[in-house]
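**Q** So that you have it, the file is final-v3.cif, and it contains mmCIF, C-alpha atoms:
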data_structure
#
loop_
_atom_site.group_PDB
_atom_site.id
_atom_site.type_symbol
_atom_site.label_atom_id
_atom_site.label_comp_id
_atom_site.auth_asym_id
_atom_site.auth_seq_id
_atom_site.Cartn_x
_atom_site.Cartn_y
_atom_site.Cartn_z
ATOM 1 C CA MET W 1 113.708 74.759 127.203
ATOM 2 C CA MET W 2 115.121 71.309 127.831
ATOM 3 C CA GLY W 3 115.982 70.998 124.153
ATOM 4 C CA VAL W 4 117.894 74.271 124.115
ATOM 5 C CA GLY W 5 119.446 73.367 127.452
ATOM 6 C CA ALA W 6 120.692 70.120 125.928
ATOM 7 C CA VAL W 7 122.929 71.925 123.451
ATOM 8 C CA LEU W 8 123.640 75.398 124.826
ATOM 9 C CA LYS W 9 126.012 75.440 127.725
ATOM 10 C CA HIS W 10 126.204 79.230 127.808
ATOM 11 C CA GLY W 11 123.801 81.922 126.821
ATOM 12 C CA ILE W 12 120.927 82.039 129.258
ATOM 13 C CA SER W 13 119.284 84.741 127.133
ATOM 14 C CA VAL W 14 118.888 82.301 124.227
ATOM 15 C CA MET W 15 117.305 79.733 126.533
ATOM 16 C CA ILE W 16 114.901 82.321 127.967
ATOM 17 C CA LEU W 17 114.056 83.690 124.498
ATOM 18 C CA THR W 18 113.307 80.249 123.085
ATOM 19 C CA GLY W 19 111.325 79.399 126.214
ATOM 20 C CA PHE W 20 109.213 82.513 125.725
ATOM 21 C CA ALA W 21 108.735 81.723 122.021
ATOM 22 C CA GLY W 22 107.645 78.211 123.010
ATOM 23 C CA LEU W 23 105.204 79.647 125.542
ATOM 24 C CA VAL W 24 103.553 81.908 122.959
ATOM 25 C CA ALA W 25 103.541 79.275 120.200
ATOM 26 C CA GLY W 26 102.247 76.572 122.527
ATOM 27 C CA ALA W 27 99.494 78.761 123.979
ATOM 28 C CA CYS W 28 98.333 79.724 120.488
ATOM 29 C CA SER W 29 98.502 76.110 119.354
ATOM 30 C CA MET W 30 96.489 74.905 122.349
ATOM 31 C CA ALA W 31 93.831 77.580 121.848
ATOM 32 C CA ILE W 32 93.480 76.944 118.125
ATOM 33 C CA GLY W 33 93.488 73.173 118.618
ATOM 34 C CA GLU W 34 90.779 73.426 121.257
ATOM 35 C CA PHE W 35 88.726 75.770 119.053
ATOM 36 C CA VAL W 36 88.949 73.381 116.088
ATOM 37 C CA SER W 37 88.178 70.380 118.281
ATOM 38 C CA VAL W 38 85.112 71.949 119.886
ATOM 39 C CA TYR W 39 83.701 73.161 116.581
ATOM 40 C CA SER W 40 84.357 69.773 114.951
ATOM 41 C CA GLN W 41 82.406 68.153 117.782
ATOM 42 C CA LEU W 42 79.646 70.733 117.358
ATOM 43 C CA ASP W 43 79.458 70.027 113.605
ATOM 44 C CA PHE W 44 79.187 66.316 114.349
ATOM 45 C CA GLU W 45 76.440 66.838 116.951
ATOM 46 C CA VAL W 46 74.418 69.106 114.651
ATOM 47 C CA ALA W 47 74.712 66.583 111.812
ATOM 48 C CA GLN W 48 73.789 63.745 114.185
ATOM 49 C CA THR W 49 70.759 65.684 115.420
ATOM 50 C CA LYS W 50 69.624 66.178 111.825
ATOM 51 C CA ARG W 51 70.094 62.467 111.086
ATOM 52 C CA ASP W 52 68.197 61.533 114.237
ATOM 53 C CA ASN W 53 65.350 63.880 113.321
ATOM 54 C CA VAL W 54 65.096 62.359 109.854
ATOM 55 C CA MET W 55 65.009 58.859 111.339
ATOM 56 C CA CYS W 56 62.436 59.838 113.962
ATOM 57 C CA ASN W 57 60.235 61.537 111.403
ATOM 58 C CA ARG W 58 60.128 58.252 109.476
ATOM 59 C CA GLU W 59 58.824 56.424 112.514
ATOM 60 C CA GLU W 60 55.095 56.833 113.003
ATOM 61 C CA ASN W 61 55.065 55.932 116.694
ATOM 62 C CA ASP W 62 57.401 58.696 117.860
ATOM 63 C CA THR W 63 55.445 61.913 118.266
ATOM 64 C CA GLU W 64 58.116 63.885 120.181
ATOM 65 C CA SER W 65 60.814 63.590 117.532
ATOM 66 C CA GLY W 66 61.060 67.145 116.183
ATOM 67 C CA ASN W 67 61.705 68.775 119.571
ATOM 68 C CA GLU W 68 65.473 68.328 119.770
ATOM 69 C CA GLN W 69 67.485 71.508 119.511
ATOM 70 C CA PRO W 70 71.027 71.577 118.163
ATOM 71 C CA PRO W 71 73.729 72.291 120.746
ATOM 72 C CA ASN W 72 74.378 75.914 121.601
ATOM 73 C CA PRO W 73 77.606 76.862 119.784
ATOM 74 C CA PHE W 74 78.391 79.615 122.265
ATOM 75 C CA GLN W 75 78.645 77.522 125.421
ATOM 76 C CA ALA W 76 82.046 75.802 125.365
ATOM 77 C CA PRO W 77 83.688 76.862 122.076
ATOM 78 C CA LEU W 78 84.443 80.383 123.233
ATOM 79 C CA ILE W 79 85.669 79.477 126.706
ATOM 80 C CA ARG W 80 87.739 76.328 126.196
ATOM 81 C CA PRO W 81 90.298 77.799 123.749
ATOM 82 C CA TRP W 82 91.086 80.635 126.158
ATOM 83 C CA ALA W 83 91.237 78.259 129.112
ATOM 84 C CA SER W 84 93.695 76.024 127.237
ATOM 85 C CA ALA W 85 95.868 78.985 126.257
ATOM 86 C CA VAL W 86 95.958 80.308 129.825
ATOM 87 C CA ALA W 87 96.650 76.877 131.322
ATOM 88 C CA PHE W 88 99.483 76.265 128.853
ATOM 89 C CA SER W 89 100.949 79.711 129.537
ATOM 90 C CA LEU W 90 100.909 79.163 133.294
ATOM 91 C CA GLY W 91 102.660 75.838 132.865
ATOM 92 C CA ALA W 92 105.230 77.313 130.473
ATOM 93 C CA LEU W 93 106.024 80.166 132.856
ATOM 94 C CA VAL W 94 107.342 77.717 135.445
ATOM 95 C CA PRO W 95 110.550 76.691 133.636
ATOM 96 C CA LEU W 96 111.016 80.244 132.337
ATOM 97 C CA LEU W 97 110.980 81.717 135.823
ATOM 98 C CA ALA W 98 113.072 78.876 137.215
ATOM 99 C CA ALA W 99 115.793 79.343 134.591
ATOM 100 C CA ALA W 100 115.797 83.123 134.382
ATOM 101 C CA PHE W 101 118.087 83.744 137.319
ATOM 102 C CA ILE W 102 120.580 80.870 137.094
ATOM 103 C CA SER W 103 123.640 81.259 134.945
ATOM 104 C CA GLU W 104 125.307 77.868 135.623
ATOM 105 C CA HIS W 105 124.161 75.471 132.888
ATOM 106 C CA LYS W 106 123.866 72.214 134.851
ATOM 107 C CA VAL W 107 122.312 73.876 137.873
ATOM 108 C CA ARG W 108 119.797 75.637 135.593
ATOM 109 C CA LEU W 109 118.719 72.313 134.040
ATOM 110 C CA VAL W 110 118.310 70.670 137.446
ATOM 111 C CA VAL W 111 116.310 73.643 138.748
ATOM 112 C CA VAL W 112 114.085 73.597 135.654
ATOM 113 C CA ILE W 113 113.411 69.872 136.128
ATOM 114 C CA ALA W 114 112.694 70.354 139.841
ATOM 115 C CA ALA W 115 110.411 73.347 139.253
ATOM 116 C CA VAL W 116 108.507 71.579 136.482
ATOM 117 C CA THR W 117 108.146 68.460 138.645
ATOM 118 C CA PHE W 118 106.700 70.549 141.472
ATOM 119 C CA ALA W 119 104.356 72.369 139.054
ATOM 120 C CA LEU W 120 103.148 69.093 137.550
ATOM 121 C CA VAL W 121 102.241 67.822 141.018
ATOM 122 C CA VAL W 122 100.409 71.075 141.815
ATOM 123 C CA PHE W 123 98.564 71.105 138.476
ATOM 124 C CA GLY W 124 97.710 67.412 138.836
ATOM 125 C CA THR W 125 96.298 68.005 142.297
ATOM 126 C CA VAL W 126 94.285 71.052 141.214
ATOM 127 C CA GLY W 127 92.922 69.155 138.203
ATOM 128 C CA ALA W 128 91.954 66.221 140.387
ATOM 129 C CA VAL W 129 90.201 68.417 142.918
ATOM 130 C CA LEU W 130 88.305 70.321 140.207
ATOM 131 C CA GLY W 131 87.399 67.098 138.406
ATOM 132 C CA LYS W 132 86.682 65.205 141.631
ATOM 133 C CA THR W 133 89.054 62.404 140.622
ATOM 134 C CA PRO W 134 91.851 60.625 142.526
ATOM 135 C CA ALA W 135 94.803 63.005 142.951
ATOM 136 C CA GLY W 136 97.407 60.242 142.923
ATOM 137 C CA LYS W 137 96.459 59.010 139.467
ATOM 138 C CA SER W 138 96.198 62.528 138.084
ATOM 139 C CA CYS W 139 99.606 63.527 139.459
ATOM 140 C CA ALA W 140 101.238 60.310 138.283
ATOM 141 C CA ARG W 141 99.936 60.779 134.730
ATOM 142 C CA LEU W 142 101.141 64.362 134.597
ATOM 143 C CA LEU W 143 104.523 63.572 136.150
ATOM 144 C CA ILE W 144 105.259 60.626 133.900
ATOM 145 C CA GLY W 145 104.041 62.456 130.801
ATOM 146 C CA GLY W 146 106.005 65.592 131.692
ATOM 147 C CA TRP W 147 109.181 63.680 132.454
ATOM 148 C CA ILE W 148 108.893 61.722 129.208
ATOM 149 C CA ALA W 149 108.338 64.944 127.249
ATOM 150 C CA MET W 150 111.389 66.585 128.840
ATOM 151 C CA ALA W 151 113.560 63.509 128.324
ATOM 152 C CA VAL W 152 112.528 63.068 124.684
ATOM 153 C CA THR W 153 113.033 66.756 123.929
ATOM 154 C CA PHE W 154 116.422 66.810 125.643
ATOM 155 C CA GLY W 155 117.570 63.546 124.078
ATOM 156 C CA LEU W 156 116.461 64.246 120.518
ATOM 157 C CA THR W 157 117.895 67.755 120.542
ATOM 158 C CA LYS W 158 121.182 66.442 121.937
ATOM 159 C CA LEU W 159 121.233 63.721 119.249
ATOM 160 C CA ILE W 160 120.527 66.139 116.420
ATOM 161 C CA ALA W 161 123.097 68.633 117.695
ATOM 162 C CA SER W 162 125.753 65.937 118.085
ATOM 163 C CA ASN W 163 125.286 65.003 114.414
ATOM 164 C CA GLY W 164 126.384 68.426 113.278
ATOM 165 C CA LEU W 165 123.143 70.314 112.805
#
Since I need it in another form, could you write the structure as structure tokens?
**A**
Amino acid sequence: MMGVGAVLKHGISVMILTGFAGLVAGACSMAIGEFVSVYSQLDFEVAQTKRDNVMCNREENDTESGNEQPPNPFQAPLIRPWASAVAFSLGALVPLLAAAFISEHKVRLVVVIAAVTFALVVFGTVGAVLGKTPAGKSCARLLIGGWIAMAVTFGLTKLIASNGL
């Protein structure tokens, strides 16, 4: 939404529409990426287990070698893609809802930045609590990463638009 906001001064409906398209595309991308990542890890672990079993079977002193079971493919691979899609969607709803009711261009951008900043702090805190990690570090990483992403998106879109595209 920051990219569209960089070049469209009017037309809140276009900003909302592209924000919604980004939400759907991003959620799908996160889910598919997580699915591929988890199954790639599973493939690696299964192959590693087979290699380990071959090595252990060659060793005469190891009598417990054939007892390893490959990882259960139904534990994380089915849950993590959905969790990523839902988490992305929740995060993407924040700027959509913040921008939906503000017609003034500059005010809309400031409200989007403020709402996203607040959401990043909330998500960072929740993630830290769930992961039992320091909240300050988690929030700082999310804030800095989110601000950089917004700035890069805004700046590159503004640059491209100013060059006549």
**Q** Name the residues, using the chain letters and numbers of the file, that sit within 6 Å of (93.8, 77.7, 125.4) when counting only C-alpha atoms, and give them as an MDAnalysis selection string.
**A** chainID W and resid 27 30:31 81:86
**Q** Where does range 79-121 of chain W meet range 129-140 of chain W within 10 Å, residue by residue, with the nearest atom pair and distance in Å to one decimal for each, counting all atoms listed in the file, listed by chain and rising number, as a Markdown table?
**A**
| residue | atom | partner | partner_atom | distance |
| --- | --- | --- | --- | --- |
| W:Thr117 | CA | W:Cys139 | CA | 9.9 |
| W:Leu120 | CA | W:Cys139 | CA | 6.9 |
| W:Val121 | CA | W:Cys139 | CA | 5.3 |
**Q** Next, write the just-selected residues to a file, as a PDB file, keeping the file's coordinate frame, keeping C-alpha atoms as the atom set.
**A**
ATOM      1  CA  THR W 117     108.146  68.460 138.645  1.00  0.00           C
ATOM      2  CA  LEU W 120     103.148  69.093 137.550  1.00  0.00           C
ATOM      3  CA  VAL W 121     102.241  67.822 141.018  1.00  0.00           C
TER       4      VAL W 121
END
**Q** Taking all atoms listed in the file into account, which of W:Val107, W:Val126, W:Ala114, W:Val24 comes nearest Ile12 in chain W?
**A**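 Checking each candidate against Ile12 in chain W, we get W:Val107 as the closest.
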**Q** Considering all atoms listed in the file, can you say which of W:Gly127, W:Ala98, W:Leu109, W:Asn57 comes closest to Phe154 in chain W?
**A**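 For Phe154 in chain W, the nearest of the candidates is W:Leu109.
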**Q** Mind pulling up the distance from CA of Tyr39 in chain W to CA of Arg58 in chain W?
**A**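 Straight-line distance from CA of Arg58 in chain W to CA of Tyr39 in chain W works out to 28.8 Å.
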